[in-house]
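J.: Contents of input_23.json (JSON, N, CA and C atoms) are below:
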[["chain", "number", "residue", "atom", "x", "y", "z"],
["F", 813, "MET", "N", -10.33, 18.51, 8.91],
["F", 813, "MET", "CA", -9.80, 17.48, 8.01],
["F", 813, "MET", "C", -8.60, 18.02, 7.24],
["F", 814, "GLY", "N", -7.63, 17.14, 7.02],
["F", 814, "GLY", "CA", -6.46, 17.52, 6.25],
["F", 814, "GLY", "C", -6.73, 17.43, 4.76],
["F", 815, "GLU", "N", -5.80, 17.96, 4.02],
["F", 815, "GLU", "CA", -5.92, 18.01, 2.56],
["F", 815, "GLU", "C", -6.07, 16.63, 1.92],
["F", 816, "TYR", "N", -5.46, 15.62, 2.53],
["F", 816, "TYR", "CA", -5.45, 14.28, 1.92],
["F", 816, "TYR", "C", -6.35, 13.28, 2.63],
["F", 817, "ASP", "N", -7.12, 13.73, 3.61],
["F", 817, "ASP", "CA", -7.96, 12.80, 4.38],
["F", 817, "ASP", "C", -9.03, 12.11, 3.52],
["F", 818, "TYR", "N", -9.39, 12.69, 2.41],
["F", 818, "TYR", "CA", -10.38, 12.06, 1.53],
["F", 818, "TYR", "C", -9.89, 10.68, 1.07],
["F", 819, "LEU", "N", -8.56, 10.52, 0.99],
["F", 819, "LEU", "CA", -8.01, 9.23, 0.57],
["F", 819, "LEU", "C", -8.33, 8.13, 1.57],
["F", 820, "LEU", "N", -8.42, 8.49, 2.85],
["F", 820, "LEU", "CA", -8.73, 7.50, 3.89],
["F", 820, "LEU", "C", -10.14, 6.96, 3.73],
["F", 821, "GLU", "N", -11.04, 7.81, 3.25],
["F", 821, "GLU", "CA", -12.43, 7.38, 3.03],
["F", 821, "GLU", "C", -12.54, 6.59, 1.73],
["F", 822, "LEU", "N", -11.88, 7.06, 0.68],
["F", 822, "LEU", "CA", -11.95, 6.37, -0.61],
["F", 822, "LEU", "C", -11.24, 5.02, -0.61],
["F", 823, "TYR", "N", -10.11, 4.97, 0.08],
["F", 823, "TYR", "CA", -9.27, 3.76, 0.08],
["F", 823, "TYR", "C", -8.91, 3.40, 1.51],
["F", 824, "PRO", "N", -9.83, 2.82, 2.27],
["F", 824, "PRO", "CA", -9.55, 2.53, 3.69],
["F", 824, "PRO", "C", -8.49, 1.46, 3.92],
["F", 825, "ASN", "N", -8.26, 0.58, 2.96],
["F", 825, "ASN", "CA", -7.34, -0.55, 3.16],
["F", 825, "ASN", "C", -6.06, -0.46, 2.34],
["F", 826, "ASN", "N", -6.13, 0.13, 1.17],
["F", 826, "ASN", "CA", -4.98, 0.15, 0.26],
["F", 826, "ASN", "C", -5.21, 1.22, -0.80],
["F", 827, "ILE", "N", -4.24, 2.10, -0.96],
["F", 827, "ILE", "CA", -4.33, 3.12, -2.01],
["F", 827, "ILE", "C", -3.67, 2.53, -3.27],
["F", 828, "PRO", "N", -4.37, 2.53, -4.39],
["F", 828, "PRO", "CA", -3.77, 2.02, -5.62],
["F", 828, "PRO", "C", -2.54, 2.84, -6.01],
["F", 829, "VAL", "N", -1.58, 2.19, -6.61],
["F", 829, "VAL", "CA", -0.35, 2.86, -7.04],
["F", 829, "VAL", "C", -0.67, 4.04, -7.95],
["F", 830, "ALA", "N", -1.58, 3.85, -8.89],
["F", 830, "ALA", "CA", -1.92, 4.92, -9.82],
["F", 830, "ALA", "C", -2.46, 6.15, -9.10],
["F", 831, "GLU", "N", -3.27, 5.94, -8.07],
["F", 831, "GLU", "CA", -3.83, 7.06, -7.31],
["F", 831, "GLU", "C", -2.74, 7.77, -6.50],
["F", 832, "ALA", "N", -1.87, 7.00, -5.87],
["F", 832, "ALA", "CA", -0.77, 7.59, -5.11],
["F", 832, "ALA", "C", 0.13, 8.41, -6.03],
["F", 833, "ALA", "N", 0.43, 7.87, -7.19],
["F", 833, "ALA", "CA", 1.27, 8.58, -8.15],
["F", 833, "ALA", "C", 0.62, 9.88, -8.59],
["F", 834, "LYS", "N", -0.66, 9.83, -8.86],
["F", 834, "LYS", "CA", -1.41, 11.03, -9.27],
["F", 834, "LYS", "C", -1.33, 12.11, -8.19],
["F", 835, "VAL", "N", -1.57, 11.71, -6.94],
["F", 835, "VAL", "CA", -1.54, 12.65, -5.83],
["F", 835, "VAL", "C", -0.14, 13.25, -5.67],
["F", 836, "MET", "N", 0.89, 12.43, -5.88],
["F", 836, "MET", "CA", 2.27, 12.89, -5.73],
["F", 836, "MET", "C", 2.78, 13.67, -6.94],
["F", 837, "GLY", "N", 2.05, 13.58, -8.04],
["F", 837, "GLY", "CA", 2.51, 14.24, -9.27],
["F", 837, "GLY", "C", 3.70, 13.53, -9.90],
["F", 838, "LYS", "N", 3.72, 12.22, -9.75],
["F", 838, "LYS", "CA", 4.82, 11.39, -10.26],
["F", 838, "LYS", "C", 4.24, 10.28, -11.13],
["F", 839, "PRO", "N", 5.08, 9.67, -11.98],
["F", 839, "PRO", "CA", 4.60, 8.50, -12.73],
["F", 839, "PRO", "C", 4.46, 7.29, -11.80],
["F", 840, "ALA", "N", 3.61, 6.36, -12.18],
["F", 840, "ALA", "CA", 3.38, 5.16, -11.37],
["F", 840, "ALA", "C", 4.67, 4.38, -11.15],
["F", 841, "CYS", "N", 5.55, 4.36, -12.13],
["F", 841, "CYS", "CA", 6.80, 3.61, -11.98],
["F", 841, "CYS", "C", 7.68, 4.20, -10.87],
["F", 842, "PHE", "N", 7.57, 5.51, -10.62],
["F", 842, "PHE", "CA", 8.30, 6.15, -9.52],
["F", 842, "PHE", "C", 7.85, 5.56, -8.19],
["F", 843, "VAL", "N", 6.53, 5.45, -8.01],
["F", 843, "VAL", "CA", 5.97, 4.91, -6.78],
["F", 843, "VAL", "C", 6.32, 3.42, -6.66],
["F", 844, "GLN", "N", 6.16, 2.68, -7.73],
["F", 844, "GLN", "CA", 6.47, 1.26, -7.70],
["F", 844, "GLN", "C", 7.93, 1.02, -7.33],
["F", 845, "TYR", "N", 8.83, 1.74, -7.96],
["F", 845, "TYR", "CA", 10.26, 1.56, -7.67],
["F", 845, "TYR", "C", 10.58, 1.98, -6.24],
["F", 846, "GLY", "N", 9.99, 3.07, -5.79],
["F", 846, "GLY", "CA", 10.22, 3.53, -4.42],
["F", 846, "GLY", "C", 9.74, 2.55, -3.38],
["F", 847, "LEU", "N", 8.61, 1.90, -3.64],
["F", 847, "LEU", "CA", 8.11, 0.87, -2.72],
["F", 847, "LEU", "C", 8.98, -0.38, -2.79],
["F", 848, "GLU", "N", 9.40, -0.71, -4.00],
["F", 848, "GLU", "CA", 10.21, -1.92, -4.19],
["F", 848, "GLU", "C", 11.57, -1.82, -3.49],
["F", 849, "ASN", "N", 12.19, -0.65, -3.56],
["F", 849, "ASN", "CA", 13.52, -0.53, -2.96],
["F", 849, "ASN", "C", 13.50, 0.08, -1.55],
["F", 850, "GLY", "N", 12.31, 0.39, -1.05],
["F", 850, "GLY", "CA", 12.17, 0.85, 0.32],
["F", 850, "GLY", "C", 12.42, 2.33, 0.58],
["F", 851, "THR", "N", 12.54, 3.12, -0.48],
["F", 851, "THR", "CA", 12.78, 4.55, -0.27],
["F", 851, "THR", "C", 11.51, 5.34, 0.03],
["F", 852, "LEU", "N", 10.37, 4.79, -0.30],
["F", 852, "LEU", "CA", 9.09, 5.43, 0.07],
["F", 852, "LEU", "C", 8.54, 4.68, 1.28],
["F", 853, "PRO", "N", 8.38, 5.37, 2.40],
["F", 853, "PRO", "CA", 8.08, 4.69, 3.68],
["F", 853, "PRO", "C", 6.62, 4.43, 3.98],
["F", 854, "PHE", "N", 5.75, 4.47, 2.98],
["F", 854, "PHE", "CA", 4.33, 4.32, 3.26],
["F", 854, "PHE", "C", 3.72, 3.04, 2.72],
["F", 855, "GLY", "N", 4.55, 2.13, 2.27],
["F", 855, "GLY", "CA", 4.01, 0.88, 1.75],
["F", 855, "GLY", "C", 5.11, -0.12, 1.50],
["F", 856, "CYS", "N", 4.77, -1.14, 0.73],
["F", 856, "CYS", "CA", 5.76, -2.18, 0.45],
["F", 856, "CYS", "C", 5.43, -2.86, -0.87],
["F", 857, "CYS", "N", 6.38, -3.65, -1.30],
["F", 857, "CYS", "CA", 6.24, -4.45, -2.50],
["F", 857, "CYS", "C", 6.52, -5.89, -2.11],
["F", 858, "VAL", "N", 5.62, -6.78, -2.43],
["F", 858, "VAL", "CA", 5.81, -8.20, -2.17],
["F", 858, "VAL", "C", 5.98, -8.87, -3.53],
["F", 859, "LYS", "N", 7.12, -9.52, -3.68],
["F", 859, "LYS", "CA", 7.40, -10.19, -4.95],
["F", 859, "LYS", "C", 7.01, -11.65, -4.85],
["F", 860, "ASN", "N", 6.16, -12.07, -5.75],
["F", 860, "ASN", "CA", 5.78, -13.46, -5.89],
["F", 860, "ASN", "C", 5.99, -13.75, -7.37],
["F", 861, "LYS", "N", 4.99, -14.17, -8.07],
["F", 861, "LYS", "CA", 5.11, -14.29, -9.52],
["F", 861, "LYS", "C", 5.14, -12.89, -10.14],
["F", 862, "GLN", "N", 4.41, -11.99, -9.53],
["F", 862, "GLN", "CA", 4.40, -10.59, -9.93],
["F", 862, "GLN", "C", 4.61, -9.76, -8.67],
["F", 863, "CYS", "N", 4.90, -8.49, -8.86],
["F", 863, "CYS", "CA", 5.01, -7.59, -7.71],
["F", 863, "CYS", "C", 3.61, -7.18, -7.27],
["F", 864, "ALA", "N", 3.36, -7.30, -5.99],
["F", 864, "ALA", "CA", 2.10, -6.82, -5.42],
["F", 864, "ALA", "C", 2.46, -5.64, -4.52],
["F", 865, "PHE", "N", 1.83, -4.51, -4.76],
["F", 865, "PHE", "CA", 2.13, -3.30, -4.02],
["F", 865, "PHE", "C", 1.04, -3.02, -3.01],
["F", 866, "HIS", "N", 1.46, -2.58, -1.84],
["F", 866, "HIS", "CA", 0.51, -2.17, -0.82],
["F", 866, "HIS", "C", 0.91, -0.79, -0.34],
["F", 867, "ILE", "N", -0.05, 0.13, -0.35],
["F", 867, "ILE", "CA", 0.17, 1.48, 0.17],
["F", 867, "ILE", "C", -0.80, 1.67, 1.32],
["F", 868, "ALA", "N", -0.25, 1.79, 2.52],
["F", 868, "ALA", "CA", -1.05, 1.97, 3.73],
["F", 868, "ALA", "C", -1.62, 3.40, 3.72],
["F", 869, "PRO", "N", -2.94, 3.53, 3.73],
["F", 869, "PRO", "CA", -3.55, 4.86, 3.62],
["F", 869, "PRO", "C", -3.09, 5.86, 4.68],
["F", 870, "VAL", "N", -3.07, 5.46, 5.94],
["F", 870, "VAL", "CA", -2.67, 6.39, 7.01],
["F", 870, "VAL", "C", -1.22, 6.82, 6.81],
["F", 871, "ALA", "N", -0.36, 5.88, 6.49],
["F", 871, "ALA", "CA", 1.06, 6.19, 6.28],
["F", 871, "ALA", "C", 1.24, 7.12, 5.09],
["F", 872, "PHE", "N", 0.48, 6.89, 4.01],
["F", 872, "PHE", "CA", 0.59, 7.73, 2.82],
["F", 872, "PHE", "C", 0.13, 9.16, 3.13],
["F", 873, "VAL", "N", -1.00, 9.28, 3.80],
["F", 873, "VAL", "CA", -1.51, 10.62, 4.15],
["F", 873, "VAL", "C", -0.51, 11.35, 5.04],
["F", 874, "ARG", "N", 0.03, 10.67, 6.02],
["F", 874, "ARG", "CA", 1.04, 11.30, 6.89],
["F", 874, "ARG", "C", 2.25, 11.74, 6.08],
["F", 875, "TYR", "N", 2.69, 10.93, 5.16],
["F", 875, "TYR", "CA", 3.83, 11.27, 4.31],
["F", 875, "TYR", "C", 3.51, 12.52, 3.48],
["F", 876, "MET", "N", 2.34, 12.54, 2.87],
["F", 876, "MET", "CA", 1.96, 13.68, 2.03],
["F", 876, "MET", "C", 1.79, 14.96, 2.85],
["F", 877, "GLU", "N", 1.44, 14.82, 4.11],
["F", 877, "GLU", "CA", 1.28, 15.98, 4.97],
["F", 877, "GLU", "C", 2.61, 16.45, 5.55],
["F", 878, "GLY", "N", 3.68, 15.77, 5.17],
["F", 878, "GLY", "CA", 5.00, 16.23, 5.58],
["F", 878, "GLY", "C", 5.67, 15.43, 6.67],
["F", 879, "SER", "N", 4.97, 14.48, 7.24],
["F", 879, "SER", "CA", 5.58, 13.66, 8.29],
["F", 879, "SER", "C", 6.48, 12.62, 7.63],
["F", 880, "ARG", "N", 7.73, 12.62, 8.03],
["F", 880, "ARG", "CA", 8.65, 11.63, 7.49],
["F", 880, "ARG", "C", 8.91, 10.52, 8.49],
["F", 881, "GLU", "N", 8.14, 10.54, 9.58],
["F", 881, "GLU", "CA", 8.23, 9.45, 10.55],
["F", 881, "GLU", "C", 7.40, 8.29, 10.03],
["F", 882, "LEU", "N", 7.95, 7.14, 10.07],
["F", 882, "LEU", "CA", 7.24, 5.95, 9.59],
["F", 882, "LEU", "C", 6.28, 5.47, 10.67],
["F", 883, "PRO", "N", 4.98, 5.48, 10.39],
["F", 883, "PRO", "CA", 4.01, 4.93, 11.34],
["F", 883, "PRO", "C", 4.06, 3.42, 11.29],
["F", 884, "LEU", "N", 5.10, 2.86, 11.87],
["F", 884, "LEU", "CA", 5.43, 1.45, 11.71],
["F", 884, "LEU", "C", 4.30, 0.52, 12.11],
["F", 885, "ARG", "N", 3.64, 0.76, 13.22],
["F", 885, "ARG", "CA", 2.57, -0.14, 13.67],
["F", 885, "ARG", "C", 1.45, -0.15, 12.64],
["F", 886, "ASP", "N", 1.07, 1.01, 12.10],
["F", 886, "ASP", "CA", 0.02, 1.06, 11.08],
["F", 886, "ASP", "C", 0.43, 0.27, 9.84],
["F", 887, "LEU", "N", 1.68, 0.44, 9.42],
["F", 887, "LEU", "CA", 2.16, -0.25, 8.23],
["F", 887, "LEU", "C", 2.21, -1.76, 8.45],
["F", 888, "ILE", "N", 2.74, -2.18, 9.58],
["F", 888, "ILE", "CA", 2.81, -3.61, 9.88],
["F", 888, "ILE", "C", 1.42, -4.23, 9.93],
["F", 889, "ASP", "N", 0.48, -3.56, 10.59],
["F", 889, "ASP", "CA", -0.89, -4.07, 10.68],
["F", 889, "ASP", "C", -1.53, -4.18, 9.31],
["F", 890, "ALA", "N", -1.34, -3.15, 8.49],
["F", 890, "ALA", "CA", -1.96, -3.15, 7.16],
["F", 890, "ALA", "C", -1.38, -4.25, 6.28],
["F", 891, "VAL", "N", -0.08, -4.42, 6.31],
["F", 891, "VAL", "CA", 0.56, -5.45, 5.49],
["F", 891, "VAL", "C", 0.17, -6.84, 5.98],
["F", 892, "ALA", "N", 0.12, -7.03, 7.29],
["F", 892, "ALA", "CA", -0.28, -8.33, 7.84],
["F", 892, "ALA", "C", -1.71, -8.68, 7.43],
["F", 893, "GLU", "N", -2.60, -7.71, 7.50],
["F", 893, "GLU", "CA", -4.00, -7.95, 7.12],
["F", 893, "GLU", "C", -4.11, -8.30, 5.65],
["F", 894, "LYS", "N", -3.42, -7.56, 4.80],
["F", 894, "LYS", "CA", -3.47, -7.82, 3.36],
["F", 894, "LYS", "C", -2.88, -9.20, 3.04],
["F", 895, "THR", "N", -1.77, -9.53, 3.66],
["F", 895, "THR", "CA", -1.13, -10.82, 3.43],
["F", 895, "THR", "C", -2.03, -11.96, 3.86],
["F", 896, "ALA", "N", -2.68, -11.82, 5.00],
["F", 896, "ALA", "CA", -3.59, -12.86, 5.49],
["F", 896, "ALA", "C", -4.75, -13.06, 4.51],
["F", 897, "LYS", "N", -5.32, -11.96, 4.04],
["F", 897, "LYS", "CA", -6.44, -12.06, 3.09],
["F", 897, "LYS", "C", -6.00, -12.73, 1.80],
["F", 898, "GLU", "N", -4.82, -12.36, 1.29],
["F", 898, "GLU", "CA", -4.34, -12.96, 0.05],
["F", 898, "GLU", "C", -4.03, -14.44, 0.23],
["F", 899, "THR", "N", -3.50, -14.81, 1.38],
["F", 899, "THR", "CA", -3.20, -16.21, 1.66],
["F", 899, "THR", "C", -4.48, -17.04, 1.69],
["F", 900, "VAL", "N", -5.49, -16.54, 2.36],
["F", 900, "VAL", "CA", -6.78, -17.24, 2.42],
["F", 900, "VAL", "C", -7.37, -17.37, 1.02],
["F", 901, "ARG", "N", -7.30, -16.30, 0.24],
["F", 901, "ARG", "CA", -7.83, -16.32, -1.13],
["F", 901, "ARG", "C", -7.10, -17.37, -1.96],
["F", 902, "GLU", "N", -5.77, -17.43, -1.86],
["F", 902, "GLU", "CA", -4.99, -18.41, -2.61],
["F", 902, "GLU", "C", -5.30, -19.84, -2.17],
["F", 903, "MET", "N", -5.46, -20.04, -0.87],
["F", 903, "MET", "CA", -5.80, -21.38, -0.36],
["F", 903, "MET", "C", -7.16, -21.82, -0.86],
["F", 904, "ASN", "N", -8.13, -20.92, -0.86],
["F", 904, "ASN", "CA", -9.46, -21.23, -1.36],
["F", 904, "ASN", "C", -9.42, -21.57, -2.85],
["F", 905, "GLN", "N", -8.60, -20.82, -3.61],
["F", 905, "GLN", "CA", -8.46, -21.08, -5.03],
["F", 905, "GLN", "C", -7.84, -22.44, -5.26],
["F", 906, "GLN", "N", -6.83, -22.80, -4.48],
["F", 906, "GLN", "CA", -6.20, -24.10, -4.61],
["F", 906, "GLN", "C", -7.15, -25.23, -4.30],
["F", 907, "LYS", "N", -8.04, -25.03, -3.30],
["F", 907, "LYS", "CA", -9.03, -26.05, -2.97],
["F", 907, "LYS", "C", -9.99, -26.26, -4.12],
["F", 908, "LYS", "N", -10.41, -25.14, -4.75],
["F", 908, "LYS", "CA", -11.33, -25.24, -5.88],
["F", 908, "LYS", "C", -10.70, -25.98, -7.06],
["F", 909, "GLU", "N", -9.41, -25.77, -7.24],
["F", 909, "GLU", "CA", -8.71, -26.38, -8.38],
["F", 909, "GLU", "C", -8.40, -27.86, -8.15],
["F", 910, "SER", "N", -8.41, -28.31, -6.88],
["F", 910, "SER", "CA", -8.09, -29.72, -6.62],
["F", 910, "SER", "C", -9.28, -30.62, -6.72]]
Could you spell out this file's structure in structure tokens?

T.:
Amino acid sequence: MGEYDYLLELYPNNIPVAEAAKVMGKPACFVQYGLENGTLPFGCCVKNKQCAFHIAPVAFVRYMEGSRELPLRDLIDAVAEKTAKETVREMNQQKKES
């Protein structure tokens, strides 16, 4: 097991920004800004009413282990899954409110 593999068990779907920042030894705003402007290749920021951050666990671990190659398929799959779940949640909420 690698040094950061524990993150895959603790956060199988999304690493919280605060946890990623702690692991990197940076403030949370560093991670948020890096995701927002695309300079950190392990996640993304989706702007709606608020910014929603997603950090793909496999991509983050690879980044921390020194790989600067973007595991694009993993990132795309993770973002698509999160977006689908959030869309369903929002639709269900709208149904309840109507």

J.: Compare F:Val900, F:Ala833, F:Leu820, F:Val858 by their minimum atom-to-atom distance to Ala871 (chain F), counting only C-alpha atoms, and give me the closest one.

T.: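 Of F:Val900, F:Ala833, F:Leu820, F:Val858, the one nearest Ala871 (chain F) is F:Leu820, counting only C-alpha atoms.
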
J.: CA of Val843 (chain F) and atom N of Val829 (chain F), how far apart in Å?

T.: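 Value for the atom N of Val829 (chain F)-CA of Val843 (chain F) distance: 8.0 Å.
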
J.: Using atom N of Arg874 (chain F) and atom C of Ala896 (chain F) as the two end points, give the distance in Å to one decimal.

T.: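 Separating atom N of Arg874 (chain F) from atom C of Ala896 (chain F) is a distance of 24.3 Å.
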
J.: From region 815-895 of chain F, collect each residue whose DSSP state is helix (DSSP H, G or I) and return the set as a CSV table (one decimal) with N, CA and C atoms, keeping the file's coordinate frame.

T.:
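The resulting file, selection-v2.csv, is shown below:
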chain,number,residue,atom,x,y,z
F,818,TYR,N,-9.4,12.7,2.4
F,818,TYR,CA,-10.4,12.1,1.5
F,818,TYR,C,-9.9,10.7,1.1
F,819,LEU,N,-8.6,10.5,1.0
F,819,LEU,CA,-8.0,9.2,0.6
F,819,LEU,C,-8.3,8.1,1.6
F,820,LEU,N,-8.4,8.5,2.8
F,820,LEU,CA,-8.7,7.5,3.9
F,820,LEU,C,-10.1,7.0,3.7
F,821,GLU,N,-11.0,7.8,3.2
F,821,GLU,CA,-12.4,7.4,3.0
F,821,GLU,C,-12.5,6.6,1.7
F,822,LEU,N,-11.9,7.1,0.7
F,822,LEU,CA,-12.0,6.4,-0.6
F,822,LEU,C,-11.2,5.0,-0.6
F,829,VAL,N,-1.6,2.2,-6.6
F,829,VAL,CA,-0.4,2.9,-7.0
F,829,VAL,C,-0.7,4.0,-8.0
F,830,ALA,N,-1.6,3.8,-8.9
F,830,ALA,CA,-1.9,4.9,-9.8
F,830,ALA,C,-2.5,6.2,-9.1
F,831,GLU,N,-3.3,5.9,-8.1
F,831,GLU,CA,-3.8,7.1,-7.3
F,831,GLU,C,-2.7,7.8,-6.5
F,832,ALA,N,-1.9,7.0,-5.9
F,832,ALA,CA,-0.8,7.6,-5.1
F,832,ALA,C,0.1,8.4,-6.0
F,833,ALA,N,0.4,7.9,-7.2
F,833,ALA,CA,1.3,8.6,-8.2
F,833,ALA,C,0.6,9.9,-8.6
F,834,LYS,N,-0.7,9.8,-8.9
F,834,LYS,CA,-1.4,11.0,-9.3
F,834,LYS,C,-1.3,12.1,-8.2
F,835,VAL,N,-1.6,11.7,-6.9
F,835,VAL,CA,-1.5,12.6,-5.8
F,835,VAL,C,-0.1,13.2,-5.7
F,836,MET,N,0.9,12.4,-5.9
F,836,MET,CA,2.3,12.9,-5.7
F,836,MET,C,2.8,13.7,-6.9
F,840,ALA,N,3.6,6.4,-12.2
F,840,ALA,CA,3.4,5.2,-11.4
F,840,ALA,C,4.7,4.4,-11.2
F,841,CYS,N,5.6,4.4,-12.1
F,841,CYS,CA,6.8,3.6,-12.0
F,841,CYS,C,7.7,4.2,-10.9
F,842,PHE,N,7.6,5.5,-10.6
F,842,PHE,CA,8.3,6.2,-9.5
F,842,PHE,C,7.8,5.6,-8.2
F,843,VAL,N,6.5,5.4,-8.0
F,843,VAL,CA,6.0,4.9,-6.8
F,843,VAL,C,6.3,3.4,-6.7
F,844,GLN,N,6.2,2.7,-7.7
F,844,GLN,CA,6.5,1.3,-7.7
F,844,GLN,C,7.9,1.0,-7.3
F,845,TYR,N,8.8,1.7,-8.0
F,845,TYR,CA,10.3,1.6,-7.7
F,845,TYR,C,10.6,2.0,-6.2
F,846,GLY,N,10.0,3.1,-5.8
F,846,GLY,CA,10.2,3.5,-4.4
F,846,GLY,C,9.7,2.6,-3.4
F,847,LEU,N,8.6,1.9,-3.6
F,847,LEU,CA,8.1,0.9,-2.7
F,847,LEU,C,9.0,-0.4,-2.8
F,848,GLU,N,9.4,-0.7,-4.0
F,848,GLU,CA,10.2,-1.9,-4.2
F,848,GLU,C,11.6,-1.8,-3.5
F,849,ASN,N,12.2,-0.6,-3.6
F,849,ASN,CA,13.5,-0.5,-3.0
F,849,ASN,C,13.5,0.1,-1.6
F,869,PRO,N,-2.9,3.5,3.7
F,869,PRO,CA,-3.6,4.9,3.6
F,869,PRO,C,-3.1,5.9,4.7
F,870,VAL,N,-3.1,5.5,5.9
F,870,VAL,CA,-2.7,6.4,7.0
F,870,VAL,C,-1.2,6.8,6.8
F,871,ALA,N,-0.4,5.9,6.5
F,871,ALA,CA,1.1,6.2,6.3
F,871,ALA,C,1.2,7.1,5.1
F,872,PHE,N,0.5,6.9,4.0
F,872,PHE,CA,0.6,7.7,2.8
F,872,PHE,C,0.1,9.2,3.1
F,873,VAL,N,-1.0,9.3,3.8
F,873,VAL,CA,-1.5,10.6,4.2
F,873,VAL,C,-0.5,11.4,5.0
F,874,ARG,N,0.0,10.7,6.0
F,874,ARG,CA,1.0,11.3,6.9
F,874,ARG,C,2.2,11.7,6.1
F,875,TYR,N,2.7,10.9,5.2
F,875,TYR,CA,3.8,11.3,4.3
F,875,TYR,C,3.5,12.5,3.5
F,876,MET,N,2.3,12.5,2.9
F,876,MET,CA,2.0,13.7,2.0
F,876,MET,C,1.8,15.0,2.8
F,884,LEU,N,5.1,2.9,11.9
F,884,LEU,CA,5.4,1.4,11.7
F,884,LEU,C,4.3,0.5,12.1
F,885,ARG,N,3.6,0.8,13.2
F,885,ARG,CA,2.6,-0.1,13.7
F,885,ARG,C,1.4,-0.2,12.6
F,886,ASP,N,1.1,1.0,12.1
F,886,ASP,CA,0.0,1.1,11.1
F,886,ASP,C,0.4,0.3,9.8
F,887,LEU,N,1.7,0.4,9.4
F,887,LEU,CA,2.2,-0.2,8.2
F,887,LEU,C,2.2,-1.8,8.4
F,888,ILE,N,2.7,-2.2,9.6
F,888,ILE,CA,2.8,-3.6,9.9
F,888,ILE,C,1.4,-4.2,9.9
F,889,ASP,N,0.5,-3.6,10.6
F,889,ASP,CA,-0.9,-4.1,10.7
F,889,ASP,C,-1.5,-4.2,9.3
F,890,ALA,N,-1.3,-3.2,8.5
F,890,ALA,CA,-2.0,-3.2,7.2
F,890,ALA,C,-1.4,-4.2,6.3
F,891,VAL,N,-0.1,-4.4,6.3
F,891,VAL,CA,0.6,-5.4,5.5
F,891,VAL,C,0.2,-6.8,6.0
F,892,ALA,N,0.1,-7.0,7.3
F,892,ALA,CA,-0.3,-8.3,7.8
F,892,ALA,C,-1.7,-8.7,7.4
F,893,GLU,N,-2.6,-7.7,7.5
F,893,GLU,CA,-4.0,-8.0,7.1
F,893,GLU,C,-4.1,-8.3,5.6
F,894,LYS,N,-3.4,-7.6,4.8
F,894,LYS,CA,-3.5,-7.8,3.4
F,894,LYS,C,-2.9,-9.2,3.0
F,895,THR,N,-1.8,-9.5,3.7
F,895,THR,CA,-1.1,-10.8,3.4
F,895,THR,C,-2.0,-12.0,3.9
